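Asker: See my_file24.txt below, with compact mmCIF, N, CA and C atoms.
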# COMPACT_ATOMS: atom_id res chain seq x y z
N MET A 284 112.22 107.75 91.25
CA MET A 284 111.68 107.59 89.91
C MET A 284 112.65 108.18 88.90
N GLY A 285 112.85 107.49 87.82
CA GLY A 285 113.74 107.99 86.79
C GLY A 285 113.11 109.12 86.00
N GLY A 286 113.93 109.78 85.19
CA GLY A 286 113.44 110.87 84.36
C GLY A 286 112.67 110.33 83.17
N ILE A 287 112.07 111.24 82.42
CA ILE A 287 111.32 110.82 81.24
C ILE A 287 111.73 111.66 80.05
N GLY A 288 111.63 111.06 78.87
CA GLY A 288 112.02 111.73 77.64
C GLY A 288 110.92 112.57 77.05
N GLY A 289 111.21 113.16 75.89
CA GLY A 289 110.33 114.12 75.24
C GLY A 289 108.92 113.65 74.93
N ARG A 290 108.79 112.52 74.26
CA ARG A 290 107.45 112.03 73.89
C ARG A 290 106.67 111.61 75.13
N SER A 291 107.33 110.94 76.06
CA SER A 291 106.65 110.56 77.30
C SER A 291 106.25 111.81 78.08
N ARG A 292 107.08 112.84 78.04
CA ARG A 292 106.75 114.10 78.70
C ARG A 292 105.50 114.70 78.09
N GLU A 293 105.36 114.65 76.76
CA GLU A 293 104.15 115.14 76.09
C GLU A 293 102.91 114.39 76.58
N VAL A 294 103.04 113.09 76.70
CA VAL A 294 101.91 112.26 77.16
C VAL A 294 101.55 112.64 78.59
N LEU A 295 102.56 112.76 79.46
CA LEU A 295 102.30 113.11 80.85
C LEU A 295 101.69 114.51 80.97
N ASP A 296 102.22 115.46 80.21
CA ASP A 296 101.65 116.82 80.22
C ASP A 296 100.18 116.80 79.79
N THR A 297 99.88 115.99 78.80
CA THR A 297 98.50 115.87 78.34
C THR A 297 97.61 115.28 79.43
N LEU A 298 98.11 114.27 80.13
CA LEU A 298 97.34 113.70 81.23
C LEU A 298 97.11 114.72 82.34
N TYR A 299 98.12 115.51 82.64
CA TYR A 299 97.92 116.55 83.66
C TYR A 299 96.85 117.54 83.21
N ARG A 300 96.88 117.89 81.94
CA ARG A 300 95.90 118.85 81.42
C ARG A 300 94.48 118.28 81.43
N LEU A 301 94.34 117.00 81.06
CA LEU A 301 93.02 116.37 80.97
C LEU A 301 92.54 115.80 82.30
N GLY A 302 93.44 115.50 83.19
CA GLY A 302 93.08 114.87 84.46
C GLY A 302 93.13 113.36 84.39
N GLU A 303 92.49 112.80 83.39
CA GLU A 303 92.55 111.37 83.08
C GLU A 303 92.17 111.20 81.62
N ALA A 304 92.66 110.12 81.02
CA ALA A 304 92.41 109.92 79.59
C ALA A 304 92.76 108.50 79.18
N THR A 305 92.18 108.09 78.07
CA THR A 305 92.54 106.81 77.44
C THR A 305 93.69 107.07 76.46
N ALA A 306 94.29 106.02 75.98
CA ALA A 306 95.35 106.17 74.97
C ALA A 306 94.80 106.87 73.72
N ALA A 307 93.56 106.54 73.35
CA ALA A 307 92.95 107.17 72.17
C ALA A 307 92.74 108.67 72.41
N ASP A 308 92.31 109.04 73.61
CA ASP A 308 92.15 110.47 73.94
C ASP A 308 93.47 111.21 73.78
N ILE A 309 94.52 110.61 74.31
CA ILE A 309 95.84 111.25 74.25
C ILE A 309 96.31 111.35 72.81
N HIS A 310 96.10 110.30 72.04
CA HIS A 310 96.52 110.32 70.63
C HIS A 310 95.81 111.43 69.87
N ARG A 311 94.54 111.65 70.15
CA ARG A 311 93.80 112.75 69.52
C ARG A 311 94.33 114.12 69.96
N GLU A 312 94.76 114.23 71.22
CA GLU A 312 95.22 115.51 71.77
C GLU A 312 96.61 115.91 71.27
N ILE A 313 97.40 114.94 70.85
CA ILE A 313 98.77 115.22 70.38
C ILE A 313 98.82 114.85 68.90
N PRO A 314 98.43 115.77 68.03
CA PRO A 314 98.26 115.45 66.61
C PRO A 314 99.53 114.96 65.91
N ASP A 315 100.70 115.38 66.35
CA ASP A 315 101.92 114.98 65.65
C ASP A 315 102.58 113.75 66.27
N PHE A 316 101.89 113.08 67.21
CA PHE A 316 102.47 111.89 67.82
C PHE A 316 102.54 110.80 66.76
N PRO A 317 103.64 110.04 66.72
CA PRO A 317 103.84 109.09 65.62
C PRO A 317 102.70 108.11 65.37
N SER A 318 102.20 107.45 66.43
CA SER A 318 101.15 106.46 66.22
C SER A 318 100.45 106.17 67.54
N TYR A 319 99.32 105.52 67.43
CA TYR A 319 98.58 105.10 68.61
C TYR A 319 99.42 104.14 69.44
N SER A 320 100.12 103.22 68.79
CA SER A 320 100.95 102.26 69.54
C SER A 320 102.11 102.97 70.24
N ALA A 321 102.60 104.07 69.69
CA ALA A 321 103.65 104.85 70.35
C ALA A 321 103.11 105.50 71.63
N VAL A 322 101.86 105.94 71.59
CA VAL A 322 101.22 106.49 72.79
C VAL A 322 101.13 105.40 73.85
N ARG A 323 100.67 104.22 73.45
CA ARG A 323 100.55 103.11 74.41
C ARG A 323 101.90 102.73 74.99
N SER A 324 102.93 102.76 74.18
CA SER A 324 104.28 102.46 74.65
C SER A 324 104.74 103.50 75.68
N ALA A 325 104.48 104.77 75.39
CA ALA A 325 104.83 105.84 76.33
C ALA A 325 104.06 105.68 77.64
N LEU A 326 102.78 105.31 77.55
CA LEU A 326 101.97 105.09 78.76
C LEU A 326 102.53 103.95 79.60
N ARG A 327 102.93 102.86 78.95
CA ARG A 327 103.52 101.74 79.69
C ARG A 327 104.80 102.18 80.40
N ALA A 328 105.64 102.95 79.71
CA ALA A 328 106.89 103.42 80.32
C ALA A 328 106.61 104.34 81.51
N LEU A 329 105.65 105.24 81.36
CA LEU A 329 105.30 106.15 82.45
C LEU A 329 104.74 105.39 83.65
N GLU A 330 103.95 104.36 83.36
CA GLU A 330 103.38 103.56 84.46
C GLU A 330 104.47 102.76 85.17
N THR A 331 105.38 102.19 84.41
CA THR A 331 106.49 101.43 84.99
C THR A 331 107.33 102.32 85.91
N LYS A 332 107.51 103.58 85.54
CA LYS A 332 108.31 104.52 86.34
C LYS A 332 107.51 105.14 87.48
N GLY A 333 106.21 104.83 87.55
CA GLY A 333 105.40 105.30 88.67
C GLY A 333 104.78 106.68 88.50
N PHE A 334 104.85 107.24 87.29
CA PHE A 334 104.28 108.57 87.06
C PHE A 334 102.77 108.54 86.88
N ILE A 335 102.25 107.41 86.39
CA ILE A 335 100.82 107.29 86.13
C ILE A 335 100.33 105.93 86.60
N GLU A 336 99.00 105.80 86.64
CA GLU A 336 98.36 104.52 86.94
C GLU A 336 97.14 104.41 86.03
N HIS A 337 96.59 103.22 85.95
CA HIS A 337 95.39 103.06 85.13
C HIS A 337 94.31 102.32 85.91
N ALA A 338 93.10 102.53 85.45
CA ALA A 338 91.94 101.79 85.95
C ALA A 338 91.20 101.27 84.73
N ARG A 339 90.62 100.13 84.88
CA ARG A 339 89.87 99.53 83.77
C ARG A 339 88.47 100.12 83.72
N ASP A 340 88.05 100.50 82.52
CA ASP A 340 86.70 101.01 82.30
C ASP A 340 86.13 100.21 81.12
N GLY A 341 85.50 99.10 81.44
CA GLY A 341 85.04 98.20 80.38
C GLY A 341 86.25 97.58 79.71
N ALA A 342 86.32 97.76 78.39
CA ALA A 342 87.43 97.18 77.62
C ALA A 342 88.62 98.12 77.49
N ARG A 343 88.53 99.30 78.06
CA ARG A 343 89.61 100.26 77.88
C ARG A 343 90.27 100.61 79.21
N TYR A 344 91.48 101.13 79.13
CA TYR A 344 92.21 101.60 80.31
C TYR A 344 92.12 103.12 80.34
N VAL A 345 91.85 103.64 81.52
CA VAL A 345 91.84 105.09 81.73
C VAL A 345 93.04 105.40 82.62
N TYR A 346 93.90 106.30 82.13
CA TYR A 346 95.14 106.64 82.82
C TYR A 346 95.00 107.96 83.55
N ARG A 347 95.73 108.07 84.67
CA ARG A 347 95.77 109.33 85.43
C ARG A 347 97.14 109.44 86.10
N PRO A 348 97.59 110.66 86.32
CA PRO A 348 98.87 110.86 87.03
C PRO A 348 98.76 110.36 88.47
N THR A 349 99.87 109.90 89.02
CA THR A 349 99.87 109.40 90.40
C THR A 349 100.18 110.51 91.40
N ARG A 350 100.72 111.62 90.92
CA ARG A 350 101.07 112.72 91.82
C ARG A 350 100.51 114.02 91.26
N PRO A 351 100.22 114.99 92.13
CA PRO A 351 99.79 116.30 91.64
C PRO A 351 100.86 116.93 90.76
N ALA A 352 100.43 117.75 89.82
CA ALA A 352 101.36 118.39 88.88
C ALA A 352 102.45 119.17 89.61
N GLY A 353 102.12 119.84 90.70
CA GLY A 353 103.11 120.61 91.44
C GLY A 353 104.23 119.75 91.98
N ASP A 354 103.89 118.55 92.48
CA ASP A 354 104.92 117.63 92.98
C ASP A 354 105.84 117.19 91.85
N ALA A 355 105.25 116.86 90.73
CA ALA A 355 106.04 116.40 89.59
C ALA A 355 106.95 117.51 89.07
N SER A 356 106.43 118.74 89.01
CA SER A 356 107.25 119.83 88.49
C SER A 356 108.39 120.16 89.45
N ARG A 357 108.16 120.06 90.76
CA ARG A 357 109.23 120.31 91.71
C ARG A 357 110.34 119.26 91.56
N GLY A 358 109.94 118.01 91.36
CA GLY A 358 110.93 116.95 91.14
C GLY A 358 111.73 117.18 89.88
N ALA A 359 111.04 117.58 88.81
CA ALA A 359 111.73 117.85 87.55
C ALA A 359 112.68 119.04 87.71
N LEU A 360 112.23 120.07 88.42
CA LEU A 360 113.06 121.24 88.63
C LEU A 360 114.30 120.89 89.45
N ALA A 361 114.14 120.04 90.45
CA ALA A 361 115.29 119.61 91.25
C ALA A 361 116.31 118.90 90.38
N ARG A 362 115.84 118.07 89.43
CA ARG A 362 116.77 117.38 88.52
C ARG A 362 117.48 118.37 87.61
N VAL A 363 116.75 119.39 87.14
CA VAL A 363 117.38 120.43 86.29
C VAL A 363 118.42 121.18 87.10
N LEU A 364 118.09 121.56 88.34
CA LEU A 364 119.05 122.26 89.19
C LEU A 364 120.32 121.42 89.37
N ASP A 365 120.14 120.14 89.67
CA ASP A 365 121.30 119.26 89.88
C ASP A 365 122.11 119.08 88.61
N THR A 366 121.43 118.89 87.49
CA THR A 366 122.10 118.59 86.23
C THR A 366 122.82 119.79 85.63
N PHE A 367 122.16 120.95 85.62
CA PHE A 367 122.70 122.09 84.89
C PHE A 367 123.26 123.21 85.76
N PHE A 368 122.91 123.22 87.05
CA PHE A 368 123.31 124.34 87.90
C PHE A 368 124.01 123.90 89.17
N GLY A 369 124.51 122.67 89.19
CA GLY A 369 125.23 122.18 90.35
C GLY A 369 124.40 122.23 91.63
N GLY A 370 123.08 122.14 91.51
CA GLY A 370 122.21 122.18 92.67
C GLY A 370 121.97 123.57 93.22
N SER A 371 122.41 124.60 92.51
CA SER A 371 122.34 125.97 93.02
C SER A 371 121.13 126.74 92.47
N PRO A 372 120.15 127.06 93.33
CA PRO A 372 119.04 127.88 92.88
C PRO A 372 119.49 129.28 92.44
N GLU A 373 120.54 129.78 93.08
CA GLU A 373 121.06 131.11 92.71
C GLU A 373 121.55 131.13 91.27
N HIS A 374 122.30 130.08 90.88
CA HIS A 374 122.78 130.01 89.50
C HIS A 374 121.62 129.89 88.51
N ALA A 375 120.60 129.13 88.89
CA ALA A 375 119.44 128.98 88.01
C ALA A 375 118.70 130.31 87.87
N LEU A 376 118.53 131.03 88.98
CA LEU A 376 117.85 132.32 88.92
C LEU A 376 118.63 133.31 88.06
N LYS A 377 119.95 133.32 88.21
CA LYS A 377 120.78 134.20 87.38
C LYS A 377 120.60 133.86 85.90
N ALA A 378 120.57 132.56 85.57
CA ALA A 378 120.36 132.15 84.18
C ALA A 378 118.99 132.61 83.68
N LEU A 379 117.97 132.50 84.52
CA LEU A 379 116.63 132.95 84.13
C LEU A 379 116.60 134.46 83.90
N LEU A 380 117.26 135.20 84.77
CA LEU A 380 117.30 136.66 84.61
C LEU A 380 118.04 137.04 83.33
N ASP A 381 119.17 136.38 83.08
CA ASP A 381 119.92 136.64 81.85
C ASP A 381 119.08 136.31 80.62
N LEU A 382 118.40 135.18 80.66
CA LEU A 382 117.56 134.75 79.54
C LEU A 382 116.41 135.71 79.31
N SER A 383 115.83 136.22 80.40
CA SER A 383 114.70 137.15 80.25
C SER A 383 115.14 138.42 79.53
N GLN A 384 116.38 138.83 79.73
CA GLN A 384 116.89 140.03 79.04
C GLN A 384 117.23 139.72 77.58
N GLU A 385 117.81 138.55 77.34
CA GLU A 385 118.18 138.17 75.98
C GLU A 385 116.97 137.98 75.08
N ARG A 386 115.92 137.42 75.63
CA ARG A 386 114.74 137.08 74.82
C ARG A 386 113.57 138.02 75.04
N ASP A 387 113.80 139.06 75.80
CA ASP A 387 112.77 140.07 76.06
C ASP A 387 111.50 139.47 76.65
N TYR A 388 111.68 138.55 77.61
CA TYR A 388 110.54 137.97 78.33
C TYR A 388 110.04 138.98 79.35
N GLU A 389 108.76 138.91 79.63
CA GLU A 389 108.20 139.68 80.74
C GLU A 389 108.68 139.02 82.03
N PHE A 390 109.24 139.80 82.92
CA PHE A 390 109.73 139.27 84.18
C PHE A 390 109.36 140.26 85.26
N ASP A 391 108.56 139.83 86.23
CA ASP A 391 108.09 140.71 87.30
C ASP A 391 109.10 140.67 88.45
N TYR A 392 110.05 141.59 88.41
CA TYR A 392 111.11 141.63 89.42
C TYR A 392 110.54 141.87 90.82
N ASP A 393 109.49 142.68 90.93
CA ASP A 393 108.89 142.94 92.24
C ASP A 393 108.29 141.66 92.82
N ASP A 394 107.65 140.87 91.98
CA ASP A 394 107.07 139.61 92.42
C ASP A 394 108.16 138.66 92.90
N VAL A 395 109.25 138.59 92.16
CA VAL A 395 110.37 137.72 92.54
C VAL A 395 110.96 138.20 93.87
N GLN A 396 111.11 139.52 94.02
CA GLN A 396 111.65 140.06 95.27
C GLN A 396 110.73 139.74 96.44
N SER A 397 109.41 139.81 96.23
CA SER A 397 108.45 139.46 97.28
C SER A 397 108.60 138.00 97.69
N LEU A 398 108.79 137.12 96.71
CA LEU A 398 108.99 135.70 97.01
C LEU A 398 110.27 135.50 97.82
N ILE A 399 111.32 136.19 97.44
CA ILE A 399 112.59 136.10 98.17
C ILE A 399 112.40 136.59 99.61
N ASP A 400 111.73 137.72 99.77
CA ASP A 400 111.51 138.28 101.10
C ASP A 400 110.69 137.33 101.98
N ARG A 401 109.62 136.76 101.42
CA ARG A 401 108.78 135.82 102.19
C ARG A 401 109.58 134.59 102.59
N THR A 402 110.38 134.07 101.68
CA THR A 402 111.19 132.90 101.98
C THR A 402 112.20 133.22 103.08
N ARG A 403 112.80 134.38 102.99
CA ARG A 403 113.76 134.82 104.01
C ARG A 403 113.09 134.95 105.37
N GLU A 404 111.87 135.50 105.40
CA GLU A 404 111.13 135.67 106.66
C GLU A 404 110.78 134.32 107.29
N GLN A 405 110.54 133.33 106.44
CA GLN A 405 110.18 131.99 106.95
C GLN A 405 111.41 131.21 107.39
N GLY A 406 112.58 131.81 107.23
CA GLY A 406 113.80 131.19 107.71
C GLY A 406 114.34 130.08 106.83
N ARG A 407 114.01 130.11 105.56
CA ARG A 407 114.52 129.07 104.65
C ARG A 407 115.78 129.53 103.99
Once you've parsed the file, please lay out its structure as structure tokens.
Answerer:
Amino acid sequence: MGGIGGRSREVLDTLYRLGEATAADIHREIPDFPSYSAVRSALRALETKGFIEHARDGARYVYRPTRPAGDASRGALARVLDTFFGGSPEHALKALLDLSQERDYEFDYDDVQSLIDRTREQGR
């Protein structure tokens, strides 16, 4: 599946949050979206790429994601790793740590270390 752009990402994020929705529901949820027809266009693009599907409910279409949010986010993260970090999780983690210091984000180092330890124990 190909990647998706900003407005389509907003539509997909809204669908994940709502579970399922009509184009009108999504348009109401994203107040700064250009138009109702732009929402419909984004929905068509997402459906063509396989991110969502629709079912007919009377005269309207109800859209829902085709994959759980976790699967979609892992795929997006893999593309970010490949695009910006040469496929290296270590480089991405270093960038996150650097960013957390620059922007004063809360970062639970103990939690991250626990995740690393568990992954190491599982032989990954």
Asker: For Glu336 in chain A, which residue among A:Thr349, A:Ser383, A:Gly406, A:Asp315 is the nearest when counting all atoms listed in the file?
Answerer: A:Thr349
Asker: Mind the document's chain letters and residue numbers, and return as a VMD selection string the residues of chain A that DSSP labels helix (DSSP H, G or I).
Answerer: chain A and resid 289 to 301 306 to 312 319 to 331 352 to 368 372 to 385 392 to 404
Asker: Measure the distance from CA of Tyr344 in chain A to CA of Ala306 in chain A in Å and round it to one decimal.
Answerer: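 Between these atoms lies a distance of 7.7 Å.
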Asker: Once DSSP has gone over the backbone, tell me which residues of chain A are in strand (DSSP E or B), as a PyMOL selection string.
Answerer: chain A and resi 304+335-340+343-348
Asker: Just the number, please: distance in Å from CA of Ala307 in chain A to CA of Asp340 in chain A, one decimal.
Answerer: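 CA of Asp340 in chain A lies 13.4 Å from CA of Ala307 in chain A.
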Asker: Near Leu301 in chain A, within 10 Å and counting only C-alpha atoms, which residues show up once chain neighbours fewer than 6 positions away are dropped, as a VMD selection string?
Answerer: chain A and resid 295 308 to 309 312 347
Asker: So what do you get for CA of Asp296 in chain A versus CA of Leu364 in chain A, distance-wise?
Answerer: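 CA of Asp296 in chain A sits 20.3 Å away from CA of Leu364 in chain A.
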Asker: Go through A:Thr366, A:Thr297, A:Ser371, A:Ser318 and flag the residue nearest Ile335 in chain A, using only C-alpha atoms for the distances.
Answerer: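 Using only C-alpha atoms, the shortest distance to Ile335 in chain A belongs to A:Thr297.
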Asker: Looking at all atoms listed in the file, which of A:Leu360, A:Tyr346, A:Gln396, A:Phe368 is the one that sits closest to Thr305 in chain A?
Answerer: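 Under the stated criterion, the closest residue is A:Tyr346.
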